[in-house]
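Chemist: Here you go, this is protein21.cif (mmCIF, C-alpha atoms).
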```
data_work
#
loop_
_atom_site.label_atom_id
_atom_site.label_comp_id
_atom_site.auth_asym_id
_atom_site.auth_seq_id
_atom_site.Cartn_x
_atom_site.Cartn_y
_atom_site.Cartn_z
CA MET A 1 136.31 125.19 45.65
CA SER A 2 135.09 121.81 46.87
CA LEU A 3 133.87 121.39 50.42
CA GLN A 4 136.77 119.04 51.19
CA ASP A 5 139.16 121.87 50.18
CA LYS A 6 137.23 124.50 52.15
CA TYR A 7 137.36 122.35 55.30
CA LYS A 8 140.82 120.86 54.61
CA GLU A 9 142.29 122.17 57.87
CA LEU A 10 139.42 120.63 59.85
CA ILE A 11 139.74 117.22 58.19
CA ASP A 12 143.55 117.23 58.41
CA THR A 13 143.44 118.13 62.13
CA ALA A 14 140.84 115.44 62.84
CA ARG A 15 143.11 112.91 61.13
CA SER A 16 146.36 114.06 62.77
CA SER A 17 144.89 114.31 66.28
CA GLY A 18 143.95 110.64 66.36
CA THR A 19 140.20 110.68 65.60
CA ASP A 20 139.03 107.08 65.25
CA ASN A 21 136.61 105.87 62.56
CA LEU A 22 136.87 109.24 60.86
CA GLN A 23 134.35 109.47 58.04
CA VAL A 24 134.06 112.33 55.60
CA ASN A 25 131.29 112.17 52.98
CA GLU A 26 129.77 114.81 50.77
CA THR A 27 126.02 114.39 50.11
CA ASP A 28 123.78 116.96 48.42
CA GLY A 29 126.20 119.82 49.03
CA VAL A 30 126.72 118.99 52.71
CA LEU A 31 129.94 117.60 54.13
CA HIS A 32 129.25 114.97 56.79
CA ILE A 33 132.11 114.46 59.24
CA SER A 34 131.95 111.89 62.02
CA GLY A 35 134.40 110.11 64.26
CA GLU A 36 135.57 109.51 67.78
CA ALA A 37 138.07 111.98 69.25
CA PRO A 38 140.57 110.73 71.85
CA SER A 39 139.57 113.50 74.29
CA GLY A 40 137.11 116.31 74.90
CA ALA A 41 139.91 118.81 74.18
CA VAL A 42 140.38 117.40 70.66
CA LYS A 43 136.64 117.63 70.05
CA ASP A 44 136.59 121.27 71.24
CA ASN A 45 139.54 122.06 69.00
CA LEU A 46 137.80 120.57 65.95
CA TRP A 47 134.69 122.65 66.66
CA ASN A 48 136.87 125.77 67.04
CA ILE A 49 138.50 125.12 63.65
CA TYR A 50 135.06 124.56 62.08
CA GLY A 51 133.91 127.88 63.59
CA LYS A 52 136.98 129.64 62.23
CA ILE A 53 136.39 128.42 58.64
CA ASP A 54 132.62 129.01 58.83
CA PRO A 55 131.98 131.79 61.41
CA ASN A 56 129.02 130.87 63.65
CA PHE A 57 128.37 127.71 61.59
CA LEU A 58 125.83 129.61 59.49
CA THR A 59 126.56 128.28 55.98
CA GLY A 60 124.97 124.93 56.71
CA ASP A 61 127.40 122.99 54.51
CA VAL A 62 128.77 120.79 57.33
CA VAL A 63 127.18 118.33 59.75
CA MET A 64 129.81 117.24 62.25
CA ASP A 65 129.31 114.55 64.88
CA ILE A 66 132.43 114.04 66.97
CA LYS A 67 132.07 111.71 69.92
CA VAL A 68 134.62 111.45 72.72
CA ALA A 69 136.34 108.10 73.24
CA THR A 70 136.77 108.65 76.99
CA ALA A 71 132.98 108.75 77.51
CA VAL A 72 132.81 105.10 78.59
CA GLU A 73 130.91 103.47 81.44
CA GLY A 74 132.26 104.62 84.80
CA ALA A 75 133.77 107.79 83.32
CA LYS A 76 133.54 111.08 85.18
CA LEU A 77 131.48 113.73 83.41
CA GLU A 78 131.23 117.43 84.01
CA VAL A 79 127.84 119.12 83.80
CA VAL A 80 128.35 121.79 81.13
CA THR A 81 125.09 123.71 81.25
CA GLN A 82 125.18 127.48 80.62
CA SER A 83 124.55 128.21 84.32
CA SER A 84 121.47 126.27 85.42
CA ASN A 85 121.09 122.83 86.95
CA LEU A 86 120.76 119.76 84.73
CA ASN A 87 117.52 117.78 84.94
CA VAL A 88 117.92 114.12 85.82
CA ARG A 89 114.95 112.12 84.59
CA LYS A 90 113.36 108.76 85.32
CA GLY A 91 113.59 107.67 81.70
CA PRO A 92 115.20 108.77 78.43
CA GLY A 93 113.02 111.61 77.13
CA THR A 94 111.99 115.14 78.07
CA ASP A 95 108.47 113.83 78.71
CA GLN A 96 109.83 111.71 81.57
CA PRO A 97 109.43 112.95 85.16
CA ILE A 98 112.35 114.81 86.71
CA ILE A 99 113.72 112.83 89.66
CA GLY A 100 116.67 115.04 90.54
CA LYS A 101 119.11 117.73 89.52
CA ALA A 102 122.82 117.85 88.88
CA GLY A 103 124.43 121.20 89.58
CA HIS A 104 126.21 123.38 87.03
CA LYS A 105 129.86 122.18 86.80
CA GLU A 106 129.08 119.20 89.09
CA ILE A 107 131.00 115.99 88.39
CA VAL A 108 128.77 112.98 87.81
CA SER A 109 129.58 109.47 86.62
CA LEU A 110 128.39 107.70 83.49
CA VAL A 111 126.49 104.50 84.28
CA SER A 112 125.50 103.58 80.72
CA LYS A 113 124.46 105.09 77.41
CA HIS A 114 120.82 104.55 76.45
CA SER A 115 121.48 106.28 73.12
CA ASP A 116 123.81 108.95 71.74
CA GLN A 117 121.46 111.54 73.26
CA TRP A 118 120.36 110.03 76.60
CA TRP A 119 122.89 108.83 79.15
CA LEU A 120 122.20 107.17 82.50
CA ILE A 121 124.24 109.02 85.12
CA ARG A 122 124.85 108.93 88.87
CA THR A 123 125.09 112.25 90.70
CA LYS A 124 127.39 112.95 93.63
CA ASP A 125 124.43 112.28 95.96
CA GLY A 126 124.07 108.80 94.47
CA GLU A 127 120.91 109.58 92.49
CA GLU A 128 120.63 107.70 89.21
CA GLY A 129 118.70 108.89 86.20
CA TYR A 130 118.82 109.94 82.58
CA ALA A 131 120.27 113.21 81.34
CA HIS A 132 120.81 114.68 77.89
CA ALA A 133 124.34 114.04 76.62
CA GLN A 134 124.69 117.55 75.14
CA TYR A 135 125.29 118.88 78.68
CA LEU A 136 127.81 116.23 79.74
CA ARG A 137 131.49 116.45 78.93
CA PRO A 138 134.02 113.74 79.86
CA VAL A 139 136.63 114.93 82.37
CA GLU A 140 140.17 114.14 81.28
CA MET B 1 151.83 54.47 112.77
CA ARG B 2 152.99 55.10 109.23
CA ASN B 3 149.97 53.26 107.94
CA LYS B 4 147.61 55.37 110.04
CA GLN B 5 149.17 58.62 108.74
CA LEU B 6 148.78 57.40 105.18
CA SER B 7 145.16 56.45 105.65
CA ILE B 8 144.39 59.82 107.24
CA ALA B 9 146.04 61.57 104.31
CA PHE B 10 144.02 59.41 101.95
CA LEU B 11 140.80 60.22 103.79
CA CYS B 12 141.54 63.93 103.61
CA LEU B 13 142.13 63.71 99.88
CA ALA B 14 138.95 61.72 99.35
CA LEU B 15 136.98 64.24 101.38
CA ALA B 16 138.44 67.17 99.45
CA PHE B 17 137.56 65.39 96.22
CA MET B 18 133.96 64.84 97.33
CA VAL B 19 133.55 68.45 98.41
CA ALA B 20 134.96 69.70 95.14
CA CYS B 21 132.64 67.50 93.11
CA LYS B 22 129.42 67.54 95.06
CA GLY B 23 129.65 70.79 97.04
CA LYS B 24 127.05 73.39 96.11
CA PRO B 25 128.40 76.75 94.91
CA SER B 26 128.37 79.36 97.68
CA ASP B 27 126.37 82.59 97.38
CA THR B 28 129.63 84.42 96.71
CA GLN B 29 130.45 82.09 93.83
CA ILE B 30 126.91 82.40 92.44
CA GLN B 31 127.04 86.20 92.80
CA ALA B 32 130.30 86.32 90.83
CA LYS B 33 128.86 84.21 88.01
CA VAL B 34 125.57 86.12 87.97
CA THR B 35 127.44 89.45 87.81
CA GLU B 36 129.49 88.07 84.92
CA GLN B 37 126.32 86.98 83.08
CA LEU B 38 124.79 90.43 83.58
CA SER B 39 127.93 92.37 82.61
CA GLY B 40 126.24 93.51 79.39
CA MET B 41 123.26 94.90 81.33
CA PRO B 42 124.67 97.54 83.68
CA GLU B 43 121.16 98.77 84.55
CA VAL B 44 120.32 95.43 86.22
CA THR B 45 121.51 94.54 89.72
CA ALA B 46 121.45 91.12 91.37
CA ASP B 47 121.46 90.03 95.00
CA VAL B 48 122.06 86.40 96.02
CA LYS B 49 120.82 84.82 99.29
CA GLU B 50 120.96 81.05 99.79
CA GLY B 51 120.82 80.44 96.06
CA VAL B 52 117.84 82.75 95.53
CA VAL B 53 118.65 85.59 93.13
CA THR B 54 116.75 88.87 93.36
CA LEU B 55 117.00 91.01 90.24
CA ALA B 56 116.33 94.75 90.30
CA GLY B 57 116.82 97.79 88.06
CA ASN B 58 115.20 99.48 85.09
CA VAL B 59 115.21 98.24 81.50
CA PRO B 60 113.62 99.75 78.36
CA ASP B 61 111.48 96.72 77.41
CA ASP B 62 110.09 93.32 78.46
CA ALA B 63 112.55 91.48 76.24
CA ALA B 64 115.50 92.84 78.23
CA ARG B 65 113.75 91.93 81.48
CA THR B 66 113.25 88.33 80.32
CA ALA B 67 116.78 88.17 78.91
CA ALA B 68 118.24 89.06 82.31
CA GLU B 69 116.25 86.28 83.98
CA THR B 70 117.24 83.73 81.33
CA LYS B 71 120.92 84.61 81.70
CA VAL B 72 120.79 84.22 85.48
CA ALA B 73 118.77 80.97 85.30
CA ALA B 74 121.68 79.39 83.44
CA VAL B 75 124.05 79.93 86.38
CA ASP B 76 124.88 76.76 88.35
CA GLY B 77 123.52 76.77 91.90
CA VAL B 78 120.67 79.23 91.33
CA LYS B 79 117.56 77.82 93.06
CA SER B 80 115.04 80.44 92.10
CA ILE B 81 114.83 83.98 90.75
CA THR B 82 112.78 86.89 92.02
CA ASN B 83 112.52 89.27 89.08
CA ASN B 84 111.90 92.80 90.39
CA ILE B 85 113.21 94.49 87.24
CA MET B 86 111.00 97.39 86.16
CA VAL B 87 110.26 98.21 82.55
CA THR B 88 110.49 101.89 81.67
CA PRO B 89 109.38 102.18 78.05
CA PRO B 90 111.17 104.73 75.87
CA ALA B 91 109.42 108.03 75.16
CA PRO B 92 106.43 107.66 72.82
CA PRO B 93 106.93 109.17 69.37
CA ALA B 94 105.69 112.71 68.79
CA PRO B 95 102.15 112.80 67.42
CA VAL B 96 101.85 113.36 63.68
CA VAL B 97 99.99 116.62 63.13
CA ASP B 98 99.42 116.48 59.39
CA THR B 99 97.36 113.34 58.79
CA THR B 100 97.26 113.82 55.02
CA ALA B 101 101.04 113.62 54.72
CA VAL B 102 102.69 110.36 53.77
CA PRO B 103 103.66 108.34 56.87
CA MET B 104 106.98 109.41 58.30
CA ASN B 105 109.77 106.90 58.24
CA ALA B 106 111.45 105.84 61.45
CA ALA B 107 114.56 107.96 60.85
CA GLU B 108 112.51 111.11 60.34
CA GLU B 109 110.48 110.36 63.45
CA ALA B 110 113.62 109.75 65.54
CA LEU B 111 115.05 113.02 64.22
CA ARG B 112 111.89 114.92 65.21
CA THR B 113 111.88 113.41 68.71
CA GLY B 114 115.59 114.19 69.12
CA VAL B 115 115.13 117.77 67.92
CA ALA B 116 112.16 118.28 70.26
CA ASP B 117 114.20 117.02 73.23
CA ILE B 118 117.09 119.34 72.41
CA THR B 119 115.29 122.54 71.48
CA LYS B 120 113.13 122.54 74.61
CA ASP B 121 116.10 124.16 76.38
CA PHE B 122 116.54 126.89 73.75
CA PRO B 123 113.73 129.43 74.01
CA GLY B 124 113.88 132.07 71.30
CA VAL B 125 114.49 129.70 68.43
CA ASP B 126 112.15 127.73 66.25
CA VAL B 127 113.49 124.46 64.85
CA LYS B 128 111.67 122.61 62.07
CA VAL B 129 112.38 119.22 60.54
CA ASP B 130 111.49 118.44 56.94
CA ALA B 131 112.76 115.42 54.99
CA GLY B 132 115.85 115.07 57.15
CA VAL B 133 116.73 118.78 56.98
CA VAL B 134 116.71 120.78 60.23
CA SER B 135 115.93 124.51 59.85
CA VAL B 136 116.67 126.91 62.67
CA THR B 137 115.12 130.38 62.87
CA GLY B 138 115.15 133.00 65.60
CA GLU B 139 117.86 134.60 67.71
CA LEU B 140 120.57 133.06 69.93
CA SER B 141 123.89 133.99 71.54
CA ALA B 142 126.97 132.58 69.79
CA ALA B 143 127.76 130.23 72.71
CA LYS B 144 124.22 128.85 72.89
CA TRP B 145 124.06 128.39 69.14
CA LYS B 146 127.32 126.40 69.22
CA THR B 147 125.84 124.06 71.88
CA LEU B 148 122.62 123.72 69.89
CA LYS B 149 124.45 123.10 66.60
CA GLN B 150 126.64 120.40 68.20
CA ALA B 151 123.57 118.66 69.61
CA LEU B 152 121.62 118.90 66.34
CA ASP B 153 124.59 117.57 64.30
CA GLY B 154 124.71 114.62 66.71
CA LEU B 155 121.30 113.54 65.36
CA HIS B 156 122.81 113.12 61.85
CA PRO B 157 120.40 115.30 59.88
CA LYS B 158 120.96 115.77 56.13
CA LYS B 159 121.59 119.44 56.76
CA VAL B 160 121.31 122.06 59.49
CA ASP B 161 120.00 125.18 57.79
CA ALA B 162 120.63 128.28 59.91
CA ALA B 163 119.93 130.86 57.20
CA GLY B 164 117.05 132.25 59.27
CA LEU B 165 119.05 132.46 62.50
CA LYS B 166 120.44 135.68 63.94
CA VAL B 167 123.51 135.16 66.13
CA LYS B 168 123.93 137.87 68.76
#
```
Can you give me the file's structure in the form of C-alpha cells?

Modeler:
Amino acid sequence: MSLQDKYKELIDTARSSGTDNLQVNETDGVLHISGEAPSGAVKDNLWNIYGKIDPNFLTGDVVMDIKVATAVEGAKLEVVTQSSNLNVRKGPGTDQPIIGKAGHKEIVSLVSKHSDQWWLIRTKDGEEGYAHAQYLRPVE
Amino acid sequence: MRNKQLSIAFLCLALAFMVACKGKPSDTQIQAKVTEQLSGMPEVTADVKEGVVTLAGNVPDDAARTAAETKVAAVDGVKSITNNIMVTPPAPPAPVVDTTAVPMNAAEEALRTGVADITKDFPGVDVKVDAGVVSVTGELSAAKWKTLKQALDGLHPKKVDAAGLKVK
C-alpha cells in the first residue's frame, strides 16, 4: 500500500477542509504534507486523523507542517504550554535573555513573525518579546 | 460693494492656493506618511516632532536599521532623523563539535539550531540530527510527544525517526 493510500483520509480531509497551498510529496519513503489550515481547529483535526492512522506518530513515514491562516499580525494567541509559564525573550533564540513570562492559557497578541519558530508577541501587561511558536495557538 | 466682495473672494482663493502649494506638511501628515513607509517593518516605531523623526525598536541586522532610515528620509517634510533603532542579532549557530566532518550546509545547521531550541523544553528525550533526519530516543507522555512531533515537523526535516522512543 502506498503512503498516499495509507494516509488517504488525512489528505482528503486537508483538501476538503480548505487547507491552502496543500502540498503532498513522497521522498525517500516519507510523505511530506504541508499547507495552511483556515483555523486552529482544522489543524488539530488533521493531527488527530494522523494520530488515528499512525498511533503516537511512531512509524516516521510522515512529516506534516500545517500552519494556521489566522496567525497574522495583531491576532490573539493562547499560550498552550503544558502547565508552566512561557518564556518571553529579548531575541529569537533560547540563548537570548528572558525578559518576561506569559502565563499558561494567557491570551497574548502577535506583533510579527521573525520565523516559523520565533514570534514577537505582546503580553497582557504590554511586555514585548520573542516566544517559541510551538506554544502559541491562534484564538478563533 | 460687489467688486469688493469679489476681490475678497479672489484673495481667499489665492491664499488657499499658496498655502496648498507652499505650506509645509504638518507633523501629523508626516507621521502618517512615515507610518505608511514603515508598514513592512512592524518592529520599528517612529515619533515626529517639528519635522524631526525619532526611530526606535529592534531589528535583526544593520541592513534593516539603515533601510528604515532610508525609507523615512524619502518622506516629504522630514528635516532630520534620529535613529535609535537597536540591532539584536539572531542567535549564533551551534558550535560544530566534530571538526573532521565535512562542513554542514546551512539547512542542516538551521535544523540543528531549531531542534536545540525545541528540545530544551523536553527533558527525558534525546534528539539527534543527521543528514536532515531527526532521531528521537527516550521516554515521553503521549501529549508531550504530540507537541514535540508537531514542532519538529515544522522544521521540515527529511524524517522524524521515533523508533527509539517509548510513549507512556

Chemist: Please find the residues of chain B near chain A - the criterion being any atom within 7 Å, counting all atoms listed in the file - and write them as a PyMOL selection string.

Modeler: chain B and resi 42+88+90-91+117+142+151+153-154+159-163

Chemist: So which one's closest to Leu136 of chain A, A:Ile53, A:Val42, A:Ile98, A:Ala75? Using all atoms listed in the file, please.

Modeler: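 Residue with the minimum atom-to-atom distance to Leu136 of chain A: A:Ala75.
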
Chemist: Could you name the residues that touch Thr35 of chain B at 9 Å or less, counting only C-alpha atoms, but leaving out those on the same chain fewer than 6 positions away, as an mmCIF file with C-alpha atoms, keeping the file's coordinate frame?

Modeler:
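Generated file (result-v3.cif):
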```cif
data_model
loop_
_atom_site.group_PDB
_atom_site.id
_atom_site.type_symbol
_atom_site.label_atom_id
_atom_site.label_comp_id
_atom_site.auth_asym_id
_atom_site.auth_seq_id
_atom_site.Cartn_x
_atom_site.Cartn_y
_atom_site.Cartn_z
ATOM 1 C CA THR B 45 121.510 94.540 89.720
ATOM 2 C CA ALA B 46 121.450 91.120 91.370
ATOM 3 C CA VAL B 72 120.790 84.220 85.480
#
```

Chemist: List, as a list in words, every residue that the PyMOL selection byres ((chain B and resi 49) around 12) selects in the file provided.

Modeler: Pro25, Ser26, Asp27, Thr28, Gln29, Ile30, Gln31, Ala46, Asp47, Val48, Glu50, Gly51, Val52, Val53, Thr54, Leu55, Gly77, Val78, Lys79, Ser80, Ile81 and Thr82 of chain B

Chemist: Quote the spacing between atom CA of Ala37 of chain A and atom CA of Glu9 of chain A in Å to one decimal place.

Modeler: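 Distance between the two atoms: 15.8 Å.
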
Chemist: Let me know the residues the PyMOL selection byres ((chain B and resi 66-71) around 12) catches in the file above, as a PyMOL selection string.

Modeler: chain B and resi 33-46+53-65+72-76+78+80-87

Chemist: For atom CA of Gly40 of chain A and atom CA of Ala14 of chain A, quote the distance in Å rounded to one decimal.

Modeler: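 So the answer is 12.7 Å.
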
Chemist: Quick one: pull the distance between atom CA of Val134 of chain B and atom CA of Thr119 of chain B, Å, one decimal.

Modeler: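 It comes out at 11.5 Å.
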
Chemist: Of the residues A:Ala69, A:Ile49, A:Ala41, A:Val88, which is the one nearest to Trp119 of chain A, using all atoms listed in the file?

Modeler: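 Distance minimum relative to Trp119 of chain A lands on A:Val88.
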
Chemist: Would you list the contacts of Gly138 of chain B as a count of residues only, taking every protein, DNA or RNA residue within 7 Å and counting all atoms listed in the file, but skipping same-chain residues closer than 2 positions in sequence?

Modeler: 8

Chemist: Under the rule that all atoms listed in the file are counted, which of B:Thr113, B:Lys168, B:Asp121, B:Lys128 is the nearest residue to Ser84 of chain A?

Modeler: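 Of all the options, B:Asp121 lies closest to Ser84 of chain A.
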
Chemist: Apply the PyMOL selection byres ((chain A and resi 102-106) around 7) to the file shown and report the selected residues as a list in words.

Modeler: Glu78, Val79, Val80, Thr81, Ser83, Ser84, Asn85, Leu86, Asn87, Val88, Gly100, Lys101, Ile107, Val108 and Thr123 of chain A

Chemist: Of the candidates B:Ala32, B:Glu108, B:Ile8, B:Ile118, which shows the shortest atom-to-atom distance to Leu152 of chain B, using only C-alpha atoms?

Modeler: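 For Leu152 of chain B, the nearest of the candidates is B:Ile118.
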
Chemist: Which protein, DNA or RNA residues have an atom at most 9 Å from (140.4, 112.6, 65.6), counting all atoms listed in the file? List them as a list in words.

Modeler: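 All residues meeting the 9 Å criterion around (140.4, 112.6, 65.6) are Ile11, Thr13, Ala14, Arg15, Ser16, Ser17, Gly18, Thr19, Asp20, Asn21, Leu22, Gly35, Glu36, Ala37, Pro38, Ser39, Val42, Lys43, Leu46 and Ile66 of chain A.
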